[in-house]
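Peer 1: If it helps, the file is called structure24.txt and holds compact mmCIF, C-alpha atoms:
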```txt
# COMPACT_ATOMS: atom_id res chain seq x y z
CA MET A 1 75.02 84.57 90.32
CA THR A 2 75.90 86.37 93.57
CA GLN A 3 76.53 90.09 93.87
CA LEU A 4 80.24 89.38 94.37
CA GLU A 5 80.40 87.42 91.10
CA VAL A 6 78.71 90.30 89.26
CA ILE A 7 81.01 92.97 90.75
CA ARG A 8 84.31 91.00 90.59
CA PRO A 9 85.00 91.50 86.83
CA PHE A 10 84.46 95.25 87.21
CA VAL A 11 86.89 95.45 90.14
CA GLU A 12 89.49 93.34 88.31
CA GLN A 13 89.24 95.60 85.24
CA ALA A 14 89.53 98.73 87.39
CA VAL A 15 92.66 97.35 89.10
CA LYS A 16 94.15 96.40 85.70
CA GLU A 17 93.65 99.96 84.53
CA PHE A 18 95.12 101.37 87.74
CA LEU A 19 98.19 99.16 87.35
CA GLY A 20 98.41 99.68 83.60
CA VAL A 21 98.57 95.94 82.89
CA ASP A 22 96.76 93.59 80.53
CA GLN A 23 96.96 90.55 82.79
CA LEU A 24 96.12 90.48 86.48
CA LYS A 25 97.32 87.95 89.03
CA VAL A 26 94.45 86.79 91.22
CA MET A 27 94.75 84.35 94.13
CA LYS A 28 92.41 81.36 94.40
CA ASP A 29 90.37 83.18 97.05
CA GLY A 30 89.85 86.14 94.67
CA THR A 31 92.39 88.43 96.34
CA ILE A 32 94.38 90.64 93.98
CA PRO A 33 97.91 91.12 95.34
CA ILE A 34 99.83 94.30 94.53
CA LEU A 35 103.47 94.86 95.44
CA SER A 36 104.57 98.41 96.01
CA GLY A 37 108.15 98.62 97.20
CA SER A 38 108.27 96.87 100.56
CA ALA A 39 104.49 96.59 100.88
CA ALA A 40 102.19 93.75 99.78
CA VAL A 41 98.70 95.17 99.36
CA HIS A 42 95.60 92.97 99.06
CA VAL A 43 92.46 93.93 97.13
CA ARG A 44 89.38 91.77 97.55
CA LEU A 45 85.63 91.64 97.59
CA VAL A 46 83.94 90.26 100.70
CA GLN A 47 80.51 89.86 102.18
CA LEU A 48 81.02 89.80 105.94
CA GLY A 49 78.81 87.84 108.30
CA GLY A 50 75.24 89.10 108.23
CA GLU A 51 76.11 91.96 105.90
CA GLU A 52 74.02 91.84 102.77
CA ARG A 53 76.07 94.45 100.95
CA PRO A 54 79.46 93.43 99.55
CA LEU A 55 82.56 95.42 100.44
CA LEU A 56 85.77 96.13 98.59
CA GLN A 57 88.66 95.76 101.03
CA VAL A 58 92.08 97.20 100.24
CA PHE A 59 94.53 96.42 103.02
CA CYS A 60 98.16 95.77 103.82
CA PRO A 61 99.98 94.36 106.82
CA LEU A 62 102.52 97.14 107.36
CA LEU A 63 104.45 95.21 110.01
CA SER A 64 104.33 91.78 111.59
CA GLY A 65 105.99 90.64 114.79
CA VAL A 66 105.60 94.01 116.48
CA GLU A 67 104.73 94.45 120.15
CA ARG A 68 101.84 96.63 121.21
CA SER A 69 103.01 99.61 123.23
CA PRO A 70 101.59 102.96 124.30
CA GLU A 71 104.08 104.67 121.96
CA LEU A 72 102.93 102.55 119.00
CA MET A 73 99.27 103.22 119.78
CA ASP A 74 99.99 106.96 119.97
CA LYS A 75 101.73 106.82 116.59
CA LEU A 76 98.87 104.87 114.98
CA ASN A 77 96.37 107.31 116.45
CA ASP A 78 98.34 110.23 114.99
CA MET A 79 98.36 108.47 111.62
CA ASN A 80 94.59 107.90 111.76
CA ALA A 81 94.05 111.57 112.44
CA GLY A 82 95.77 112.34 109.12
CA PHE A 83 94.07 109.68 106.98
CA SER A 84 90.86 110.15 105.06
CA PHE A 85 88.87 106.98 104.35
CA ALA A 86 91.58 104.61 105.65
CA ARG A 87 92.54 103.45 109.10
CA VAL A 88 95.60 101.86 110.66
CA PHE A 89 95.47 99.54 113.64
CA TRP A 90 97.40 96.92 115.62
CA GLU A 91 96.07 93.40 115.95
CA SER A 92 97.74 90.15 116.98
CA GLY A 93 101.29 91.40 116.48
CA GLN A 94 100.56 93.15 113.18
CA VAL A 95 100.06 96.76 112.16
CA ILE A 96 97.52 96.88 109.32
CA ILE A 97 96.28 99.69 107.10
CA ALA A 98 92.83 99.11 105.64
CA MET A 99 90.15 100.79 103.60
CA GLU A 100 86.65 99.46 102.86
CA LEU A 101 84.16 100.74 100.34
CA LEU A 102 80.62 99.65 99.48
CA ALA A 103 81.26 97.53 96.40
CA GLU A 104 77.85 98.04 94.75
CA GLU A 105 78.42 101.76 94.37
CA LEU A 106 82.01 101.76 93.13
CA ASP A 107 83.28 103.48 90.06
CA LYS A 108 86.74 103.05 88.51
CA GLU A 109 88.05 106.23 90.14
CA GLN A 110 87.08 105.01 93.60
CA VAL A 111 88.84 101.67 93.06
CA ALA A 112 91.94 103.47 91.75
CA HIS A 113 91.87 105.93 94.67
CA ALA A 114 91.65 103.12 97.24
CA CYS A 115 94.51 101.22 95.58
CA ARG A 116 96.62 104.36 95.25
CA LEU A 117 96.05 105.52 98.83
CA VAL A 118 96.78 102.16 100.45
CA THR A 119 99.75 101.23 98.22
CA PHE A 120 101.53 104.55 98.60
CA ALA A 121 100.77 104.89 102.32
CA SER A 122 101.85 101.29 102.92
CA ASP A 123 105.15 101.63 101.12
CA TYR A 124 105.95 104.80 103.05
CA TRP A 125 104.67 103.94 106.53
CA ASP A 126 105.91 100.34 106.77
CA ASP A 127 109.56 101.46 106.68
CA GLU A 128 108.88 104.45 108.92
CA LEU A 129 107.12 102.30 111.54
CA GLN A 130 109.74 99.56 111.33
CA ARG A 131 112.48 102.07 112.15
CA GLY A 132 110.60 103.18 115.24
CA PHE A 133 109.00 99.97 116.47
CA GLY A 134 110.77 96.98 114.88
CA GLY A 135 108.96 94.07 113.30
CA ALA A 136 109.09 92.94 109.68
CA THR A 137 107.61 94.54 106.57
CA SER A 138 105.51 92.50 104.10
CA VAL A 139 108.35 92.30 101.62
CA PRO A 140 111.94 92.12 102.92
CA ASP A 141 114.25 95.01 102.02
CA GLY A 142 115.53 94.85 98.48
CA GLU A 143 112.91 92.32 97.34
CA GLY A 144 110.10 94.78 96.71
CA THR A 145 109.48 95.90 93.18
CA SER A 146 106.71 97.56 91.27
CA PHE A 147 102.93 97.46 91.15
CA THR A 148 102.89 94.88 88.38
CA GLU A 149 104.56 92.12 90.36
CA ALA A 150 102.74 90.08 92.94
CA PRO A 151 103.19 87.21 95.37
CA ASP A 152 102.45 83.68 94.17
CA PRO A 153 98.78 83.78 93.08
CA ASP A 154 98.25 80.17 94.17
CA GLN A 155 99.05 80.91 97.80
CA PRO A 156 96.01 81.87 99.86
CA SER A 157 96.02 85.23 101.53
CA SER A 158 97.38 84.72 105.04
CA THR A 159 96.54 88.12 106.43
CA GLU A 160 93.05 89.19 107.32
CA PRO A 161 92.16 92.68 108.41
CA GLY A 162 90.68 91.82 111.76
CA GLU A 163 88.27 93.32 114.18
CA GLY A 164 90.85 95.58 115.79
CA GLY A 165 88.77 98.60 114.85
CA TYR A 166 89.79 102.20 115.30
CA LEU A 167 92.26 103.35 117.90
```
As structure tokens - that is how I would like this structure written.

Peer 2:
Amino acid sequence: MTQLEVIRPFVEQAVKEFLGVDQLKVMKDGTIPILSGSAAVHVRLVQLGGEERPLLQVFCPLLSGVERSPELMDKLNDMNAGFSFARVFWESGQVIIAMELLAEELDKEQVAHACRLVTFASDYWDDELQRGFGGATSVPDGEGTSFTEAPDPDQPSSTEPGEGGYL
């Protein structure tokens, strides 16, 4: 059994408790989708490349179809200056907010904090950034709902937090 397989049930239980649900929707690739208003947040365990230690990634594409501009980069940099533990970046026409934690050392409060920070920041900042820079939010206006609803669990996650790094 791999480290990810050992940690996965703990993460799923922690997310269930955060959401206050008995059942959790999980995509085939192990990603846990969370809807928060107009934001679709993804929670997943990964082991990247040569990394031996698994990571918990909590991320959300705030906008897609948005052009890179000096004004957008300035705004994202200002946002990063105000975030603790998370970062926001532009990559390939998307603005993404992401947070990674070492998965081996997680406790339930850390999982809840990561989910809370990214879901609330995503739901606020996606609309704010869209007003200023255009593009599309994860969930079209009026279709977003609560934490307990999620995209189709059989659809693979189409958004990857990339190697855009810090601004």

Peer 1: From the options A:Ile34, A:Val11, A:Val6, A:Val66, which residue's atoms come nearest to Asp107 (chain A), counting only C-alpha atoms?

Peer 2: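 For Asp107 (chain A), the nearest of the given residues is A:Val11.
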
Peer 1: Out of A:Ile32, A:Val15, A:Leu129, A:Cys60, which residue has the shortest atom-to-atom distance to Asp74 (chain A) when counting all atoms listed in the file?

Peer 2: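 With all atoms listed in the file as the atom set, the closest residue is A:Leu129.
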
Peer 1: Quick check, in Å to one decimal: how far apart do CA of Gly82 (chain A) and CA of Leu45 (chain A) lie?

Peer 2: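 Atom-to-atom, CA of Gly82 (chain A) and CA of Leu45 (chain A) are spaced 25.8 Å apart.
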
Peer 1: Rank A:Val21, A:Asp123, A:Val95, A:Glu128 by their smallest atom-to-atom distance to Gly37 (chain A), using only C-alpha atoms, and report the top residue only.

Peer 2: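 When distances to Gly37 (chain A) are compared using only C-alpha atoms, the smallest one comes from A:Asp123.
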
Peer 1: Kindly indicate which residue among A:Ala136, A:Leu106, A:Ala86, A:Leu117 lies nearest to Leu62 (chain A), using only C-alpha atoms for the distances.

Peer 2: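 Using only C-alpha atoms, Leu62 (chain A) sits closest to A:Ala136.
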
Peer 1: Out of A:Val26, A:Ile97, A:Ser38, A:Met73, which residue has the shortest atom-to-atom distance to Val58 (chain A) when counting all atoms listed in the file?

Peer 2: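 Counting all atoms listed in the file, the residue closest to Val58 (chain A) is A:Ile97.
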
Peer 1: Have a look at CA of Cys115 (chain A) and CA of Phe59 (chain A) and let me know their distance in Å, one decimal.

Peer 2: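 Straight-line distance from CA of Cys115 (chain A) to CA of Phe59 (chain A) works out to 8.9 Å.
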
Peer 1: Pick out the closest residue to Gln130 (chain A) from this set: A:Ile7, A:Leu72, A:Val111, A:Val88. Count all atoms listed in the file.

Peer 2: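 Looking at the shortest contact to Gln130 (chain A), the residue is A:Leu72.
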
Peer 1: Which region 50-110 of chain A residues have any atom within 12 Å of an atom of region 17-20 of chain A, and for each, what is the nearest pair of atoms with distance in Å to one decimal, counting all atoms listed in the file, rows sorted by chain and number, as CSV?

Peer 2:
```
residue,atom,partner,partner_atom,distance
A:Lys108,CA,A:Glu17,CA,8.6
A:Glu109,CA,A:Phe18,CA,8.9
A:Gln110,CA,A:Phe18,CA,10.6
```

Peer 1: Interatomic distance between CA of Asp78 (chain A) and CA of Arg116 (chain A)?

Peer 2: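 CA of Arg116 (chain A) lies at a distance of 20.7 Å from CA of Asp78 (chain A).
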